[in-house]
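A.B. asks: Data file coords-v9.tsv (TSV, C-alpha atoms and all ligand atoms) is appended below.
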chain	number	residue	atom	x	y	z
A	962	MET	CA	-8.32	42.55	-48.54
A	963	ARG	CA	-11.09	40.40	-49.94
A	964	LEU	CA	-14.64	40.38	-48.61
A	965	ILE	CA	-16.91	37.40	-49.21
A	966	ILE	CA	-20.53	38.50	-49.21
A	967	GLY	CA	-23.97	37.17	-50.08
A	968	ASN	CA	-26.72	38.61	-52.29
A	969	LYS	CA	-26.83	42.37	-51.92
A	970	ASN	CA	-30.62	42.39	-51.96
A	971	TYR	CA	-30.95	40.07	-48.99
A	972	SER	CA	-27.72	39.73	-47.03
A	973	SER	CA	-27.99	42.23	-44.21
A	974	TRP	CA	-24.92	40.86	-42.40
A	975	SER	CA	-22.84	41.28	-45.54
A	976	LEU	CA	-23.92	44.93	-45.79
A	977	ARG	CA	-22.76	45.56	-42.21
A	978	ALA	CA	-19.21	44.51	-43.11
A	979	TRP	CA	-19.12	45.96	-46.63
A	980	LEU	CA	-20.37	49.45	-45.75
A	981	PRO	CA	-17.40	50.59	-43.61
A	982	LEU	CA	-14.93	49.18	-46.15
A	983	ARG	CA	-16.51	51.17	-48.96
A	984	HIS	CA	-17.49	54.27	-46.94
A	985	PHE	CA	-13.93	54.71	-45.68
A	986	GLY	CA	-12.54	54.16	-49.19
A	987	LEU	CA	-10.51	51.05	-48.40
A	988	ALA	CA	-9.09	48.93	-51.21
A	989	PHE	CA	-10.70	45.49	-51.29
A	990	GLU	CA	-11.96	42.87	-53.70
A	991	GLU	CA	-15.38	41.45	-53.20
A	992	GLU	CA	-16.60	37.96	-53.96
A	993	ARG	CA	-20.36	37.59	-54.11
A	994	VAL	CA	-21.75	34.15	-53.32
A	995	ALA	CA	-25.41	33.77	-54.33
A	996	LEU	CA	-26.86	32.19	-51.17
A	997	PHE	CA	-28.80	28.94	-51.32
A	998	GLU	CA	-27.72	28.24	-54.92
A	999	PRO	CA	-26.11	24.83	-55.54
A	1000	GLY	CA	-22.57	24.74	-54.11
A	1001	TYR	CA	-22.89	28.02	-52.20
A	1002	LYS	CA	-21.98	26.48	-48.82
A	1003	GLU	CA	-18.80	24.85	-50.14
A	1004	ARG	CA	-17.71	28.20	-51.60
A	1005	ILE	CA	-18.11	29.89	-48.20
A	1006	LEU	CA	-16.51	26.98	-46.31
A	1007	LYS	CA	-13.32	27.47	-48.34
A	1008	TYR	CA	-12.90	30.72	-46.38
A	1009	SER	CA	-14.63	30.14	-43.05
A	1010	PRO	CA	-15.54	27.01	-41.09
A	1011	ALA	CA	-18.60	28.88	-39.81
A	1012	GLY	CA	-20.05	28.63	-43.32
A	1013	LYS	CA	-21.67	32.06	-43.29
A	1014	VAL	CA	-21.02	35.40	-44.93
A	1015	PRO	CA	-19.53	37.92	-44.52
A	1016	VAL	CA	-15.91	36.77	-44.28
A	1017	LEU	CA	-12.98	39.19	-44.54
A	1018	ILE	CA	-9.67	37.83	-45.79
A	1019	ASP	CA	-6.60	39.91	-45.05
A	1020	GLY	CA	-3.39	38.06	-45.89
A	1021	GLU	CA	-3.38	34.95	-43.72
A	1022	ALA	CA	-6.22	36.17	-41.54
A	1023	ALA	CA	-9.84	35.15	-42.10
A	1024	ILE	CA	-12.33	37.07	-39.98
A	1025	TRP	CA	-16.00	36.13	-39.85
A	1026	GLU	CA	-18.96	37.65	-37.95
A	1027	SER	CA	-19.84	41.16	-39.09
A	1028	LEU	CA	-19.05	42.83	-35.78
A	1029	ALA	CA	-15.65	41.12	-35.54
A	1030	ILE	CA	-14.88	42.39	-39.05
A	1031	GLY	CA	-15.78	45.93	-37.96
A	1032	GLU	CA	-13.57	45.57	-34.88
A	1033	TYR	CA	-10.69	44.29	-37.02
A	1034	LEU	CA	-10.94	47.25	-39.41
A	1035	ALA	CA	-11.16	49.73	-36.54
A	1036	GLU	CA	-8.16	48.17	-34.81
A	1037	THR	CA	-5.91	47.88	-37.85
A	1038	LEU	CA	-6.79	51.34	-39.21
A	1039	PRO	CA	-7.09	53.47	-36.06
A	1040	GLU	CA	-6.52	56.70	-37.99
A	1041	LEU	CA	-9.97	56.27	-39.57
A	1042	GLU	CA	-11.68	56.50	-36.17
A	1043	MET	CA	-14.32	53.90	-36.95
A	1044	TRP	CA	-15.39	53.99	-33.30
A	1045	PRO	CA	-15.95	57.21	-31.32
A	1046	LEU	CA	-12.81	58.33	-29.50
A	1047	PRO	CA	-14.12	59.12	-25.97
A	1048	ALA	CA	-14.24	55.88	-24.00
A	1049	ALA	CA	-17.81	56.34	-22.76
A	1050	GLU	CA	-19.12	57.01	-26.28
A	1051	ARG	CA	-17.08	54.12	-27.65
A	1052	ALA	CA	-18.59	51.83	-25.02
A	1053	LEU	CA	-22.11	53.01	-25.93
A	1054	ALA	CA	-21.38	52.49	-29.64
A	1055	ARG	CA	-20.16	48.97	-28.91
A	1056	SER	CA	-23.16	48.26	-26.67
A	1057	ILE	CA	-25.70	49.20	-29.31
A	1058	SER	CA	-23.71	47.36	-31.99
A	1059	ALA	CA	-23.63	44.21	-29.86
A	1060	GLU	CA	-27.34	44.66	-29.11
A	1061	MET	CA	-27.99	44.67	-32.87
A	1062	HIS	CA	-25.69	41.73	-33.48
A	1063	ALA	CA	-27.28	39.57	-30.79
A	1064	GLY	CA	-30.86	40.81	-30.74
A	1065	PHE	CA	-33.86	42.17	-32.58
A	1066	ALA	CA	-34.85	38.64	-33.60
A	1067	GLN	CA	-38.48	39.57	-34.22
A	1068	LEU	CA	-37.55	42.42	-36.55
A	1069	ARG	CA	-35.06	40.23	-38.39
A	1070	THR	CA	-37.55	37.37	-38.78
A	1071	HIS	CA	-40.70	39.24	-39.77
A	1072	MET	CA	-39.15	42.16	-41.65
A	1073	PRO	CA	-36.22	40.59	-43.52
A	1074	MET	CA	-33.98	42.93	-45.51
A	1075	ASN	CA	-35.22	43.07	-49.08
A	1076	ILE	CA	-34.02	46.16	-50.93
A	1077	ARG	CA	-35.95	45.36	-54.14
A	1078	ALA	CA	-39.29	44.92	-52.39
A	1079	SER	CA	-41.91	47.30	-51.02
A	1080	HIS	CA	-44.13	45.87	-48.28
A	1081	PRO	CA	-45.69	48.79	-46.40
A	1082	GLY	CA	-47.12	47.71	-43.06
A	1083	LYS	CA	-46.20	44.02	-43.40
A	1084	GLY	CA	-44.75	42.02	-40.51
A	1085	ARG	CA	-45.86	44.30	-37.69
A	1086	THR	CA	-46.33	41.71	-34.94
A	1087	PRO	CA	-46.28	42.89	-31.29
A	1088	GLY	CA	-42.70	41.60	-31.00
A	1089	VAL	CA	-41.67	43.58	-34.08
A	1090	GLU	CA	-43.35	46.71	-32.72
A	1091	ALA	CA	-41.30	46.31	-29.53
A	1092	ASP	CA	-38.07	45.91	-31.54
A	1093	ILE	CA	-38.90	49.00	-33.63
A	1094	ALA	CA	-39.60	51.01	-30.47
A	1095	ARG	CA	-36.25	49.94	-29.02
A	1096	VAL	CA	-34.33	50.86	-32.19
A	1097	CYS	CA	-36.04	54.26	-32.29
A	1098	ALA	CA	-35.25	54.90	-28.62
A	1099	LEU	CA	-31.58	54.11	-29.01
A	1100	TRP	CA	-31.23	56.09	-32.25
A	1101	GLU	CA	-32.87	59.10	-30.51
A	1102	GLN	CA	-30.55	58.71	-27.51
A	1103	CYS	CA	-27.45	58.62	-29.73
A	1104	LEU	CA	-28.50	61.38	-32.15
A	1105	ILE	CA	-29.52	63.74	-29.34
A	1106	GLY	CA	-26.35	62.91	-27.37
A	1107	SER	CA	-23.99	63.45	-30.31
A	1108	GLY	CA	-25.92	66.17	-32.16
A	1109	GLY	CA	-25.68	63.99	-35.32
A	1110	PRO	CA	-25.52	63.78	-38.23
A	1111	PHE	CA	-24.66	60.11	-37.54
A	1112	LEU	CA	-25.29	58.19	-34.33
A	1113	PHE	CA	-21.98	59.33	-32.82
A	1114	GLY	CA	-21.36	62.44	-34.90
A	1115	ASN	CA	-19.16	60.99	-37.65
A	1116	PHE	CA	-20.04	57.72	-39.36
A	1117	THR	CA	-18.93	54.74	-37.23
A	1118	ILE	CA	-19.29	50.97	-37.16
A	1119	ALA	CA	-22.49	51.50	-35.15
A	1120	ASP	CA	-24.13	53.19	-38.16
A	1121	ALA	CA	-23.03	50.27	-40.34
A	1122	MET	CA	-24.57	47.78	-37.89
A	1123	TYR	CA	-27.94	49.57	-38.17
A	1124	ALA	CA	-27.83	50.24	-41.95
A	1125	PRO	CA	-29.91	47.13	-42.75
A	1126	VAL	CA	-32.53	48.37	-40.26
A	1127	VAL	CA	-32.67	51.62	-42.24
A	1128	SER	CA	-33.32	49.51	-45.33
A	1129	ARG	CA	-36.07	47.56	-43.54
A	1130	PHE	CA	-37.74	50.75	-42.32
A	1131	ILE	CA	-37.94	51.86	-45.97
A	1132	THR	CA	-39.14	48.53	-47.39
A	1133	TYR	CA	-41.82	48.17	-44.70
A	1134	ALA	CA	-42.63	51.94	-44.56
A	1135	VAL	CA	-42.16	52.42	-40.83
A	1136	ASP	CA	-43.37	55.86	-39.68
A	1137	LEU	CA	-40.66	57.85	-37.90
A	1138	ASP	CA	-40.39	61.27	-36.32
A	1139	ALA	CA	-38.50	64.01	-38.17
A	1140	ARG	CA	-35.10	63.41	-36.53
A	1141	LEU	CA	-35.15	59.66	-37.26
A	1142	SER	CA	-36.47	60.05	-40.75
A	1143	GLU	CA	-33.62	62.47	-41.51
A	1144	TYR	CA	-31.20	59.88	-40.15
A	1145	VAL	CA	-32.74	57.17	-42.33
A	1146	ASP	CA	-32.42	59.42	-45.41
A	1147	ARG	CA	-28.82	60.22	-44.55
A	1148	ILE	CA	-27.80	56.56	-44.36
A	1149	TRP	CA	-29.90	55.58	-47.39
A	1150	ASN	CA	-28.22	58.28	-49.49
A	1151	LEU	CA	-24.61	57.71	-48.50
A	1152	SER	CA	-22.69	57.16	-51.70
A	1153	ALA	CA	-21.59	53.68	-50.53
A	1154	MET	CA	-25.19	52.81	-49.70
A	1155	ARG	CA	-26.37	54.00	-53.11
A	1156	GLU	CA	-23.79	51.77	-54.74
A	1157	TRP	CA	-24.93	48.75	-52.69
A	1158	ARG	CA	-28.60	49.48	-53.48
A	1159	ALA	CA	-27.94	49.78	-57.22
A	1160	ALA	CA	-26.21	46.40	-57.20
A	1161	ALA	CA	-29.09	44.89	-55.17
A	1162	LEU	CA	-31.63	46.20	-57.68
A	1163	ALA	CA	-29.68	44.57	-60.51
A	1164	GLU	CA	-29.77	41.13	-58.87
A	1165	THR	CA	-32.32	38.61	-60.06
A	1166	GLU	CA	-32.17	35.79	-57.49
A	1167	PHE	CA	-35.35	35.13	-55.50
A	1168	ILE	CA	-34.72	33.45	-52.13
A	1169	ASP	CA	-37.96	31.87	-50.86
A	1170	GLU	CA	-36.81	31.80	-47.22
A	1171	ALA	CA	-36.28	35.57	-47.30
A	1172	GLU	CA	-39.58	36.36	-49.03
A	1173	PRO	CA	-42.46	35.78	-46.58
A	1174	TYR	CA	-44.66	38.34	-48.36
A	1175	ARG	CA	-44.54	37.40	-52.07
B	1201	LIG	N1	-23.79	36.61	-36.93
B	1201	LIG	C1	-23.33	36.51	-38.30
B	1201	LIG	C2	-24.50	36.18	-39.19
B	1201	LIG	C3	-24.07	35.70	-40.56
B	1201	LIG	C4	-25.25	35.18	-41.38
B	1201	LIG	O1	-26.24	34.65	-40.82
B	1201	LIG	N2	-25.11	35.27	-42.70
B	1201	LIG	C5	-26.11	34.76	-43.60
B	1201	LIG	C6	-26.35	35.73	-44.76
B	1201	LIG	S1	-27.00	37.29	-44.22
B	1201	LIG	C7	-25.62	33.47	-44.26
B	1201	LIG	O2	-24.44	33.30	-44.48
B	1201	LIG	N3	-26.57	32.58	-44.60
B	1201	LIG	C8	-26.27	31.39	-45.32
B	1201	LIG	C9	-26.43	30.16	-44.50
B	1201	LIG	O3	-26.80	30.27	-43.30
B	1201	LIG	O4	-26.20	29.06	-45.03
B	1201	LIG	C10	-22.59	37.81	-38.68
B	1201	LIG	O5	-22.73	38.80	-37.95
B	1201	LIG	O6	-21.85	37.86	-39.68
Mind turning this structure into structure tokens?

C.D. replies:
Amino acid sequence: MRLIIGNKNYSSWSLRAWLPLRHFGLAFEEERVALFEPGYKERILKYSPAGKVPVLIDGEAAIWESLAIGEYLAETLPELEMWPLPAAERALARSISAEMHAGFAQLRTHMPMNIRASHPGKGRTPGVEADIARVCALWEQCLIGSGGPFLFGNFTIADAMYAPVVSRFITYAVDLDARLSEYVDRIWNLSAMREWRAAALAETEFIDEAEPYR
């Protein structure tokens, strides 16, 4: 498999696809396309007519959209149990993953993922506060329901979908109760997440559109 991704510092959608591949120890090559650099769009369009990253290539198949990539991995590698097994939990995991994929626009706009940066307290508009409250409520619901340590017990695609929110909560220093802050630490310190973060810190590109605060 080959995964086409963007800058590790900024590309939250790329992280959502990359994290399960690495966390579950799957063999894949990665191709990093530095977004908004000359020729970047043509490089992505070679793989996907949607022109966005991530894109997963597996033989003849090209899969784009982070959640569709997660679904493809879960379906082709069922033994890895990337979704919870009980149908009701699986439905909840898919619901919150779809909610992330389609929503939280305020959080995504005003608190963009930026692993290298530290912006405590920035971007806290009323809409962002509402998005943060919703994320916290659904994390609490899942962690209490499953008993942890991840949203559905073991690490699933749902955790991957929220990993960039974990990163945002750290960059923008969002206060959390003890249960949620333990969850944030757990995701942040996964070995796959550490690897992604180290690569992000080594990047040097500065994308103006993703940097409202410097
Ligand atoms: N809904 C898509 C979003 C993909 C997306 O917006 N990717 C951004 C990078 S994080 C991108 O490719 N931006 C470059 C562009 O829009 O030209 C997914 O889940 O994969």

A.B. asks: Which residues come within 9 Å of A:Gln1067, counting all atoms listed in the file, excluding same-chain residues fewer than 4 positions away, as a PDB file with C-alpha atoms, keeping the file's coordinate frame?

C.D. replies:
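Once written, result37.pdb looks like this:
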ATOM      1  CA  HIS A1071     -40.700  39.240 -39.770  1.00  0.00           C
ATOM      2  CA  MET A1072     -39.150  42.160 -41.650  1.00  0.00           C
ATOM      3  CA  THR A1086     -46.330  41.710 -34.940  1.00  0.00           C
ATOM      4  CA  PRO A1087     -46.280  42.890 -31.290  1.00  0.00           C
ATOM      5  CA  GLY A1088     -42.700  41.600 -31.000  1.00  0.00           C
ATOM      6  CA  VAL A1089     -41.670  43.580 -34.080  1.00  0.00           C
ATOM      7  CA  GLU A1090     -43.350  46.710 -32.720  1.00  0.00           C
ATOM      8  CA  ALA A1091     -41.300  46.310 -29.530  1.00  0.00           C
ATOM      9  CA  ASP A1092     -38.070  45.910 -31.540  1.00  0.00           C
TER      10      ASP A1092
END

A.B. asks: Give me the residues near stretch 1014-1025 of chain A as a PDB file with C-alpha atoms, in the frame of the given file, where near means some atom within 7 Å (using only C-alpha atoms) and where sequence neighbours in that chain fewer than 2 positions away do not count.

C.D. replies:
ATOM      1  CA  MET A 962      -8.320  42.550 -48.540  1.00  0.00           C
ATOM      2  CA  ARG A 963     -11.090  40.400 -49.940  1.00  0.00           C
ATOM      3  CA  LEU A 964     -14.640  40.380 -48.610  1.00  0.00           C
ATOM      4  CA  ILE A 965     -16.910  37.400 -49.210  1.00  0.00           C
ATOM      5  CA  ILE A 966     -20.530  38.500 -49.210  1.00  0.00           C
ATOM      6  CA  GLY A 967     -23.970  37.170 -50.080  1.00  0.00           C
ATOM      7  CA  TRP A 974     -24.920  40.860 -42.400  1.00  0.00           C
ATOM      8  CA  SER A 975     -22.840  41.280 -45.540  1.00  0.00           C
ATOM      9  CA  ALA A 978     -19.210  44.510 -43.110  1.00  0.00           C
ATOM     10  CA  TYR A1008     -12.900  30.720 -46.380  1.00  0.00           C
ATOM     11  CA  SER A1009     -14.630  30.140 -43.050  1.00  0.00           C
ATOM     12  CA  SER A1027     -19.840  41.160 -39.090  1.00  0.00           C
ATOM     13  CA  ALA A1029     -15.650  41.120 -35.540  1.00  0.00           C
ATOM     14  CA  ILE A1030     -14.880  42.390 -39.050  1.00  0.00           C
TER      15      ILE A1030
END

A.B. asks: As number ranges by chain, please: the residues near stretch 1102-1118 of chain A (cut-off 9 Å, all atoms listed in the file, same-chain neighbours under 2 positions excluded).

C.D. replies: A: 977-978, 980-981, 984, 1028, 1031-1032, 1035, 1042-1045, 1050-1051, 1053-1055, 1058, 1097-1100, 1120-1123, 1140-1141, 1143-1144, 1147-1148

A.B. asks: Choose the residue, out of A:Phe997, A:Phe1130, A:Trp1149, A:Trp1157, that has the smallest atom-to-atom separation from ligand LIG 1201 (chain B); count all atoms listed in the file.

C.D. replies: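 Distance minimum relative to ligand LIG 1201 (chain B) lands on A:Phe997.
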
A.B. asks: What gap, in Å, lies between atom CA of A:Tyr1174 and atom CA of A:Arg1069?

C.D. replies: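 Value for the atom CA of A:Tyr1174-atom CA of A:Arg1069 distance: 14.0 Å.
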
A.B. asks: So which one's closest to ligand LIG 1201 (chain B), A:Ala1159, A:Leu996, A:Ala1119, A:Ile1093? Using all atoms listed in the file, please.

C.D. replies: A:Leu996

A.B. asks: Determine the nearest neighbour of A:Lys1007 from the options A:Ala1059, A:Ala1066, A:Ala1171, A:Val994, counting only C-alpha atoms.

C.D. replies: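 Checking each of A:Ala1059, A:Ala1066, A:Ala1171, A:Val994 against A:Lys1007, counting only C-alpha atoms, the winner is A:Val994.
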
A.B. asks: Nearest to A:Leu1041: which of A:Ala1094, A:Ala1124, A:Leu982, A:Ala1139 is it, counting only C-alpha atoms?

C.D. replies: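 The shortest atom-to-atom distance to A:Leu1041 comes from A:Leu982.
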
A.B. asks: Ranking A:Ser1056, A:Thr1037, A:Ser1128, A:Asn970 by minimum distance to ligand LIG 1201 (chain B) and counting all atoms listed in the file, which one comes first?

C.D. replies: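 Closest to ligand LIG 1201 (chain B) of all the choices is A:Asn970.
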
A.B. asks: Report, in Å with one decimal, the straight-line distance from atom CA of A:Leu1034 to atom CA of A:Glu1164.

C.D. replies: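 Going from atom CA of A:Leu1034 over to atom CA of A:Glu1164, I get 27.8 Å.
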
A.B. asks: Between atom CA of A:Glu992 and atom CA of A:Arg1175, what is the distance in Å, rounded to a tenth?

C.D. replies: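 Rounded to one decimal, the two atoms are 28.0 Å apart.
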
A.B. asks: Neighbours of A:Val1126 within 9 Å (all atoms listed in the file; same-chain residues fewer than 6 positions away dropped), as a list in words?

C.D. replies: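 Everything that qualifies: Ser973, Leu1068, Arg1069, Met1074 and Val1096 of chain A.
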